[in-house]
Number of protein chains: 4
Amino acid sequence: MLDGDVFLLAIMKKRTGILTAGGDCPGLNAVIRAVVRRALADNNEILGIKNGWRGLVEGDVVPLTRASVTGILPRGGTILGTSRLNPLESTETLERVKQNWEKYGLNALIVVGGDGTLSAALDIWRDHKLPIIGIPKTIDNDVRGTDFTFGFDTAVGVVTDAVDRLHSTAESHHRVMVVEVMGRHTGWIAAFGGIAGGADVVLVPEHPFKLSRVCELLRHREEQGRAFSIVVVAEDAHPHPDEDFLGGELSEQLFRHDRLGGIGTVLAHEIEQCTGIETRVTKLGYVQRGGSPTPFDRVLATRLGVKAYEMVLAEQWGQMAALHGNKISSVSLEEAVSDLNRLDEEIYRVAEVFFG
Amino acid sequence: MLDGDVFLLAIMKKRTGILTAGGDCPGLNAVIRAVVRRALADNNEILGIKNGWRGLVEGDVVPLTRASVTGILPRGGTILGTSRLNPLESTETLERVKQNWEKYGLNALIVVGGDGTLSAALDIWRDHKLPIIGIPKTIDNDVRGTDFTFGFDTAVGVVTDAVDRLHSTAESHHRVMVVEVMGRHTGWIAAFGGIAGGADVVLVPEHPFKLSRVCELLRHREEQGRAFSIVVVAEDAHPHPDEDFLGGELSEQLFRHDRLGGIGTVLAHEIEQCTGIETRVTKLGYVQRGGSPTPFDRVLATRLGVKAYEMVLAEQWGQMAALHGNKISSVSLEEAVSDLNRLDEEIYRVAEVFFG
Amino acid sequence: MLDGDVFLLAIMKKRTGILTAGGDCPGLNAVIRAVVRRALADNNEILGIKNGWRGLVEGDVVPLTRASVTGILPRGGTILGTSRLNPLESTETLERVKQNWEKYGLNALIVVGGDGTLSAALDIWRDHKLPIIGIPKTIDNDVRGTDFTFGFDTAVGVVTDAVDRLHSTAESHHRVMVVEVMGRHTGWIAAFGGIAGGADVVLVPEHPFKLSRVCELLRHREEQGRAFSIVVVAEDAHPHPDEDFLGGELSEQLFRHDRLGGIGTVLAHEIEQCTGIETRVTKLGYVQRGGSPTPFDRVLATRLGVKAYEMVLAEQWGQMAALHGNKISSVSLEEAVSDLNRLDEEIYRVAEVFFG
Amino acid sequence: MLDGDVFLLAIMKKRTGILTAGGDCPGLNAVIRAVVRRALADNNEILGIKNGWRGLVEGDVVPLTRASVTGILPRGGTILGTSRLNPLESTETLERVKQNWEKYGLNALIVVGGDGTLSAALDIWRDHKLPIIGIPKTIDNDVRGTDFTFGFDTAVGVVTDAVDRLHSTAESHHRVMVVEVMGRHTGWIAAFGGIAGGADVVLVPEHPFKLSRVCELLRHREEQGRAFSIVVVAEDAHPHPDEDFLGGELSEQLFRHDRLGGIGTVLAHEIEQCTGIETRVTKLGYVQRGGSPTPFDRVLATRLGVKAYEMVLAEQWGQMAALHGNKISSVSLEEAVSDLNRLDEEIYRVAEVFFG
């Protein structure tokens, strides 16, 4: 923790805070490094706020120097830590945010987060006039107003590698491999991972599935003599309401008990029941949230970080840095948080070309 | 399928068969390529037998030329296919093996397989005098008589990559990550993957675990302020008989129902119950059996293939090619199949140094 | 080679040709597979033309079935081969193209290539009315009209991996590492690879460099106690005309003799001369053109392939499939080949933030 | 730097120093972590000596705690730094080593290094009775007395990945790719990388090559219609004395000027001259020394670190920890430094099976 007084020495410099909030996402360190290096180029200061909004509520901050960000570009995680604390959860937390903002002499705050975090950022800017710039961050790619979020390409890489490996199975009897992947309410990771890996079926929340049709496809593949079938299923995919998906009681129980079961396990069980084909599950879990960001994610995160700092200089409050085509631009947080960015229909239709 | 007659033209050349049997294992193609290239260097022939022993029973074979093996070195799977058919399962299958052996004019057979396959090979050599050379193959590293089997290093690589990625999780509240890995009856993959990835607990079949001690370790880590804990558990690890492992009925049910549950899922559930710490599962499944073999596995497989063919030339029947130190040598199949190669105690003690 | 007659049987189906031309580029197989699978979904035919335009001149073609494209998605290279033959190089070659087009009963041709190939495609469509659709392909990312070309992300991945590895050097005395990368006349690979890897200097053709300034930066880093410096230089980067770059005669000789020297080697020599700091070179060469395409490139290539076939159905001749934001759309070949797509200034300025 | 006095508090604990010296080598951090964790398990202390022997000469040390080694397992480089300073270079440096040994109250020293470093360690133990344990370290695998050194597998991985990528080149005219790799005086990296990658020619220092034979092989491959040829050449490979290798003056000049030329560049030039086939070079350079160690190297380094500390407890001075088969044991430093470990003949013969 820093005493506010020591900062008075540097009175003429801008001092901008940065915080990372929400779930893990490869590329956070790349963003932090870019913001710091861009600010240093103008001889300005960056104050790192620890553990998301919690650091601003509790006054847990650290000045970020060039040395702080040396070597962090290729590392997953975030040197600042994160939390899911919402600064608006009580008038007290909000009050503390304002007090600490004053105490640390912040000119602006860069908030790196997903849907929820950016919503809070928008409210604080709109209702309390604290000058904030956002940077979208989620492996799920479900934030509107940007073509892609960093972290997504890395998560897709993990899924693709798994599907690639499953493709090289050698056994001659047919088998079904179910791969359960992340993506919360959207099918981006499933669709991109499925297309990149060459999956035979991709199930996403945007298109509720019929088990009977899935089983038909898989049986057809077996009849055609294909060595195996790969089903990629998003964690939030679910059966079509028209269909009584769940055969047995155990399956029913597990479908509701996501920690013990999860859609992948249940689906594998159901597929085995309805097709008679041996079925195995791969559940990648948090592996998708970690690791060194891909070059795509590092470049995107770096560009967003540089841009966000330039938006601070340009005082574009209430906006976030975003990717459009091969340009980095700014969009209003209002647009960004207005709704989830659901899986593009064209992408889904591309995945569908390869079903069966 | 080939007609036996066409082979008479090449009467003076040695014609050796090769088959790959059992589960998938990266490096099989590297072995096949090495055997073929080594035989061609002496102007001899290699006959590929499709789908393990099944190809010899059913007469499904293909001559392997240089073109057949071009480009296969880095590929997972096996161009010959595999099966789990045991040639000794009936007198009829054995009879067919003998007939086809004659029909195709084989001088020798190279059998690439795990424990079960090599046992059958030994029996056929010992009891029926068909001249056979073995090559050990399993991702589980559980074959005796060789320092390592190819495929193992690749499987360890998959586990290590997953554990590495889990290590970069950024969230500030403590979490337990359970990673279930393969290895059948032995803990080689779990121990090597756990050591290489820096796991905090490694559970292997050779050392039945006490859940109470695991939970104690994890709680201790949380108290010490560690950001997370990683538990690597072999698919066949099991609780110590002294301890009533399973809390709930659902958990009990799943522990017995390996397709729906599996030790990883159940263990995560139990850990969450006893420690109160949020726990997540990663189940890698067949991903561990696939993909391009690592350089270590490719070199090992290639050396074993070259050696096996030289053992054919030297008529070392009933032996298998094996790695000892940095030399390739031969050992009797008898020794190789006498027992499982269980996890080395020194390795386990090394893993234990890092527990907690 | 196929006889034209056999095709008459399938008279009612569309028969579209596809060829891949120019330098190697990861993702070509993904394109071919996507085109074939999309056509098969409509029960149409795809004819593979071997070795670029050469196959159409010489009549070397192969029908592409589902089996032809099974398993090729993750593979570098192209199952069709390529060549640099220009169909317009003589009236004879052009005549043969027309004859074979007729002979094989083509309805349309999908041409996958870079700048030169797409120019030829445009001319043939414009001047000879053969209905052609283009797909841009180059690791250099220098084709206009699309945000990115497939292959580029894979090449950047190779460079980033190299720079990452150089970053972990441990020796305590300062050293300069020069990494020469591809990109022909543009700095895309250098800039993206440099940003993603965290290079300290990036030299691109779009910004002629001053050796004196590069050396100053490197000396400054050494004085600051940095453990090493990494310079990424595009193969076509060159000194600013204002500056007498080349110290010695040997260096001069090598700069002009690109096979023996190349800019990387010469630059390392010059840096060592002017700074006195030990300098080493890494020259990645054709490694950047090979390997399995990244998920980004596979998805892009797959989407472009599907789109290109749909453009055939829509008869959008003289157009190419392209990426804009997260949409695939079409642009005229005229626009695409009007000029090189040079490195974006914003990207270069981002790279510059991290110089020194 | 630490004051010797503060250490008196911990008088009853063993205090062992550790230093890493010589060139970069992935796995150094894994060794350091293992030594520290193993010592802590016995409540003993480890003192990190900075920058190889220099830290002991200059008194630059740091106590290593559990926190010091958290997260370093997967990282290349060494947290302690290295240098090439030889403690025996003067009586003064040796005297300072002895003084600092006393000042810091060392019970023992673990020296992690290659040939030269281990020689110095042996001399200091033998002639000056400072109790030392060695751990062999080099990417070159040229230390005797151990099956493998850590770092080697990682370096081979870099080479294999490069050769794999070159294999996917698609162009239809023949081309030769020369890949220059490290290994100092031995051909281990070239041979393993060449075998794992499927090189068509491998040139190592242990077997001086005839250019005429290399060109003959390459021309033969071209005549056979092979799409390309890959030559892996060790940096220290050289022409057979019977043969006037070098055609031109420039080539001659470059062969002697290793920084500007190097064997790879010169060889490519000569091959192009004598075969007329277009030839390209890849020079991997220091990329081979960096990056995250492979699982094999991490496990080996960890086991050696644990063993080395147990050798301290057992007072096996003048010995080094080593890998034999799948066991870690100890050998005398005398044996280890008696000679270089040259490339095994069996390995070379395996590589040769695939020539041409």
# chains A, B, ... in the order shown; residues from 1 in each chain; ligands from 1

call {"tool": "residues_around", "arguments": {"residues": "Leu166 of chain A", "least_positions_apart": "5", "cutoff": "9 Å", "atoms": "only C-alpha atoms", "output": "ChimeraX atom specification"}}
result
/A:161,177,230 /B:286-291

call {"tool": "select_by_dssp", "arguments": {"residues": "segment 121-170 of chain A", "states": "strand (DSSP E or B)", "output": "CSV table (one decimal) with N, CA and C atoms, in the first residue's frame"}}
result
chain,number,residue,atom,x,y,z
A,132,ILE,N,-13.2,6.8,-16.8
A,132,ILE,CA,-12.8,5.4,-17.0
A,132,ILE,C,-12.7,5.1,-18.5
A,133,ILE,N,-11.7,4.2,-18.8
A,133,ILE,CA,-11.6,3.6,-20.2
A,133,ILE,C,-11.6,2.1,-20.0
A,134,GLY,N,-12.3,1.4,-20.9
A,134,GLY,CA,-12.4,0.0,-20.7
A,134,GLY,C,-11.6,-0.8,-21.7
A,135,ILE,N,-11.2,-2.0,-21.4
A,135,ILE,CA,-10.6,-2.9,-22.4
A,135,ILE,C,-11.3,-4.2,-22.2
A,136,PRO,N,-11.9,-4.7,-23.3
A,136,PRO,CA,-12.7,-6.0,-23.2
A,136,PRO,C,-11.7,-7.2,-23.0
A,137,LYS,N,-12.1,-8.1,-22.2
A,137,LYS,CA,-11.3,-9.3,-21.9
A,137,LYS,C,-12.1,-10.5,-21.5
A,143,VAL,N,-18.2,-10.4,-25.8
A,143,VAL,CA,-18.4,-9.0,-25.6
A,143,VAL,C,-18.7,-8.3,-26.9
A,150,PHE,N,-9.1,-10.6,-26.6
A,150,PHE,CA,-7.9,-11.4,-26.4
A,150,PHE,C,-8.2,-12.5,-25.4

call {"tool": "interface_residues", "arguments": {"of": "chain C", "to": "chain D", "cutoff": "7 Å", "atoms": "only C-alpha atoms", "output": "NGL selection string"}}
result
:C and (23-24 or 51 or 76-78 or 81-83 or 162 or 164-166 or 168-172 or 260 or 265 or 269 or 281-287 or 290-291)

call {"tool": "residues_around", "arguments": {"residues": "Leu109 of chain B", "least_positions_apart": "2", "cutoff": "10 Å", "atoms": "only C-alpha atoms", "output": "NGL selection string"}}
result
:B and (15-19 or 46-49 or 101 or 106-107 or 111-112 or 121 or 130-134 or 308-309 or 312 or 317)

call {"tool": "write_last_selection", "arguments": {"atoms": "N, CA and C atoms", "output": "PDB file, in the first residue's frame"}}
result
ATOM      1  N   ARG B  15      11.283 -61.895 -46.318  1.00  0.00           N
ATOM      2  CA  ARG B  15      10.033 -61.145 -46.200  1.00  0.00           C
ATOM      3  C   ARG B  15       9.555 -61.205 -44.751  1.00  0.00           C
ATOM      4  N   THR B  16       9.602 -60.069 -44.096  1.00  0.00           N
ATOM      5  CA  THR B  16       9.238 -59.989 -42.683  1.00  0.00           C
ATOM      6  C   THR B  16       7.920 -59.242 -42.546  1.00  0.00           C
ATOM      7  N   GLY B  17       7.056 -59.770 -41.717  1.00  0.00           N
ATOM      8  CA  GLY B  17       5.798 -59.077 -41.449  1.00  0.00           C
ATOM      9  C   GLY B  17       5.939 -58.136 -40.267  1.00  0.00           C
ATOM     10  N   ILE B  18       5.066 -57.140 -40.223  1.00  0.00           N
ATOM     11  CA  ILE B  18       5.011 -56.267 -39.045  1.00  0.00           C
ATOM     12  C   ILE B  18       3.557 -55.970 -38.740  1.00  0.00           C
ATOM     13  N   LEU B  19       3.220 -56.026 -37.452  1.00  0.00           N
ATOM     14  CA  LEU B  19       1.860 -55.654 -37.045  1.00  0.00           C
ATOM     15  C   LEU B  19       1.922 -54.803 -35.786  1.00  0.00           C
ATOM     16  N   ILE B  46       9.231 -55.914 -46.504  1.00  0.00           N
ATOM     17  CA  ILE B  46       8.385 -55.869 -45.303  1.00  0.00           C
ATOM     18  C   ILE B  46       6.926 -55.941 -45.744  1.00  0.00           C
ATOM     19  N   LEU B  47       6.195 -56.814 -45.074  1.00  0.00           N
ATOM     20  CA  LEU B  47       4.774 -56.961 -45.352  1.00  0.00           C
ATOM     21  C   LEU B  47       3.993 -56.369 -44.177  1.00  0.00           C
ATOM     22  N   GLY B  48       3.178 -55.378 -44.450  1.00  0.00           N
ATOM     23  CA  GLY B  48       2.385 -54.775 -43.387  1.00  0.00           C
ATOM     24  C   GLY B  48       1.133 -55.595 -43.133  1.00  0.00           C
ATOM     25  N   ILE B  49       0.892 -55.940 -41.883  1.00  0.00           N
ATOM     26  CA  ILE B  49      -0.292 -56.730 -41.527  1.00  0.00           C
ATOM     27  C   ILE B  49      -1.296 -55.775 -40.897  1.00  0.00           C
ATOM     28  N   TRP B 101       0.657 -67.223 -42.551  1.00  0.00           N
ATOM     29  CA  TRP B 101       2.118 -67.107 -42.439  1.00  0.00           C
ATOM     30  C   TRP B 101       2.772 -67.817 -43.625  1.00  0.00           C
ATOM     31  N   LEU B 106       6.219 -65.640 -44.955  1.00  0.00           N
ATOM     32  CA  LEU B 106       6.948 -64.836 -43.979  1.00  0.00           C
ATOM     33  C   LEU B 106       8.167 -65.562 -43.430  1.00  0.00           C
ATOM     34  N   ASN B 107       9.272 -64.828 -43.326  1.00  0.00           N
ATOM     35  CA  ASN B 107      10.446 -65.352 -42.639  1.00  0.00           C
ATOM     36  C   ASN B 107      10.392 -65.060 -41.151  1.00  0.00           C
ATOM     37  N   VAL B 111       6.319 -57.838 -33.905  1.00  0.00           N
ATOM     38  CA  VAL B 111       5.065 -57.531 -33.226  1.00  0.00           C
ATOM     39  C   VAL B 111       5.279 -56.322 -32.324  1.00  0.00           C
ATOM     40  N   VAL B 112       4.519 -55.261 -32.593  1.00  0.00           N
ATOM     41  CA  VAL B 112       4.647 -54.042 -31.797  1.00  0.00           C
ATOM     42  C   VAL B 112       3.424 -53.939 -30.906  1.00  0.00           C
ATOM     43  N   ALA B 121       2.617 -62.972 -28.357  1.00  0.00           N
ATOM     44  CA  ALA B 121       3.780 -63.186 -29.228  1.00  0.00           C
ATOM     45  C   ALA B 121       4.711 -64.237 -28.643  1.00  0.00           C
ATOM     46  N   LEU B 130       6.799 -70.038 -34.427  1.00  0.00           N
ATOM     47  CA  LEU B 130       6.830 -68.996 -35.461  1.00  0.00           C
ATOM     48  C   LEU B 130       7.839 -67.946 -34.998  1.00  0.00           C
ATOM     49  N   PRO B 131       8.820 -67.616 -35.834  1.00  0.00           N
ATOM     50  CA  PRO B 131       9.897 -66.715 -35.405  1.00  0.00           C
ATOM     51  C   PRO B 131       9.447 -65.262 -35.273  1.00  0.00           C
ATOM     52  N   ILE B 132       9.433 -64.799 -34.034  1.00  0.00           N
ATOM     53  CA  ILE B 132       8.876 -63.481 -33.727  1.00  0.00           C
ATOM     54  C   ILE B 132       9.871 -62.618 -32.949  1.00  0.00           C
ATOM     55  N   ILE B 133       9.879 -61.330 -33.268  1.00  0.00           N
ATOM     56  CA  ILE B 133      10.628 -60.324 -32.510  1.00  0.00           C
ATOM     57  C   ILE B 133       9.618 -59.314 -31.981  1.00  0.00           C
ATOM     58  N   GLY B 134       9.775 -58.884 -30.734  1.00  0.00           N
ATOM     59  CA  GLY B 134       8.834 -57.921 -30.166  1.00  0.00           C
ATOM     60  C   GLY B 134       9.399 -56.504 -30.084  1.00  0.00           C
ATOM     61  N   ALA B 308      15.050 -53.916 -34.127  1.00  0.00           N
ATOM     62  CA  ALA B 308      14.203 -55.099 -34.283  1.00  0.00           C
ATOM     63  C   ALA B 308      14.504 -55.781 -35.613  1.00  0.00           C
ATOM     64  N   TYR B 309      14.692 -54.960 -36.659  1.00  0.00           N
ATOM     65  CA  TYR B 309      14.987 -55.603 -37.935  1.00  0.00           C
ATOM     66  C   TYR B 309      16.345 -56.279 -37.900  1.00  0.00           C
ATOM     67  N   VAL B 312      15.948 -59.526 -36.387  1.00  0.00           N
ATOM     68  CA  VAL B 312      15.441 -60.496 -37.366  1.00  0.00           C
ATOM     69  C   VAL B 312      16.629 -61.097 -38.123  1.00  0.00           C
ATOM     70  N   TRP B 317      14.974 -64.761 -32.043  1.00  0.00           N
ATOM     71  CA  TRP B 317      13.534 -64.978 -31.835  1.00  0.00           C
ATOM     72  C   TRP B 317      13.161 -65.010 -30.349  1.00  0.00           C
TER      73      TRP B 317
END

call {"tool": "atom_distance", "arguments": {"atom1": "atom CA of Val57 of chain B", "atom2": "atom CA of His128 of chain B"}}
result
15.2 Å

call {"tool": "select_by_dssp", "arguments": {"residues": "segment 7-154 of chain C", "states": "helix (DSSP H, G or I)", "output": "count of residues only"}}
result
57

call {"tool": "atom_distance", "arguments": {"atom1": "atom CA of Val62 of chain D", "atom2": "atom CA of Glu315 of chain D"}}
result
23.4 Å

call {"tool": "atom_distance", "arguments": {"atom1": "atom CA of Gly325 of chain C", "atom2": "atom CA of Thr146 of chain C"}}
result
9.1 Å

call {"tool": "residues_around", "arguments": {"residues": "segment 336-340 of chain A", "least_positions_apart": "5", "cutoff": "10 Å", "atoms": "only C-alpha atoms", "output": "ChimeraX atom specification"}}
result
/A:114-120,122,134,136,141-146,185-186,319-320,322,331

call {"tool": "residues_around", "arguments": {"residues": "Leu56 of chain C", "least_positions_apart": "4", "cutoff": "7 Å", "atoms": "only C-alpha atoms", "output": "PyMOL selection string"}}
result
chain C and resi 49+60+97+100

call {"tool": "residues_around", "arguments": {"residues": "Phe355 of chain C", "least_positions_apart": "5", "cutoff": "8 Å", "atoms": "only C-alpha atoms", "output": "PDB file with N, CA and C atoms, in the first residue's frame"}}
result
ATOM      1  N   ALA C 199      10.258  -7.797 -29.005  1.00  0.00           N
ATOM      2  CA  ALA C 199      11.567  -7.397 -29.534  1.00  0.00           C
ATOM      3  C   ALA C 199      11.894  -5.967 -29.124  1.00  0.00           C
ATOM      4  N   ASP C 200      13.176  -5.661 -29.069  1.00  0.00           N
ATOM      5  CA  ASP C 200      13.615  -4.333 -28.648  1.00  0.00           C
ATOM      6  C   ASP C 200      13.784  -3.385 -29.832  1.00  0.00           C
ATOM      7  N   VAL C 201      13.968  -3.961 -31.002  1.00  0.00           N
ATOM      8  CA  VAL C 201      14.027  -3.176 -32.239  1.00  0.00           C
ATOM      9  C   VAL C 201      13.393  -4.026 -33.331  1.00  0.00           C
ATOM     10  N   VAL C 202      12.600  -3.406 -34.191  1.00  0.00           N
ATOM     11  CA  VAL C 202      11.995  -4.095 -35.327  1.00  0.00           C
ATOM     12  C   VAL C 202      12.295  -3.286 -36.584  1.00  0.00           C
ATOM     13  N   LEU C 217      20.532   2.728 -29.649  1.00  0.00           N
ATOM     14  CA  LEU C 217      19.510   2.054 -28.841  1.00  0.00           C
ATOM     15  C   LEU C 217      20.108   0.851 -28.095  1.00  0.00           C
TER      16      LEU C 217
END
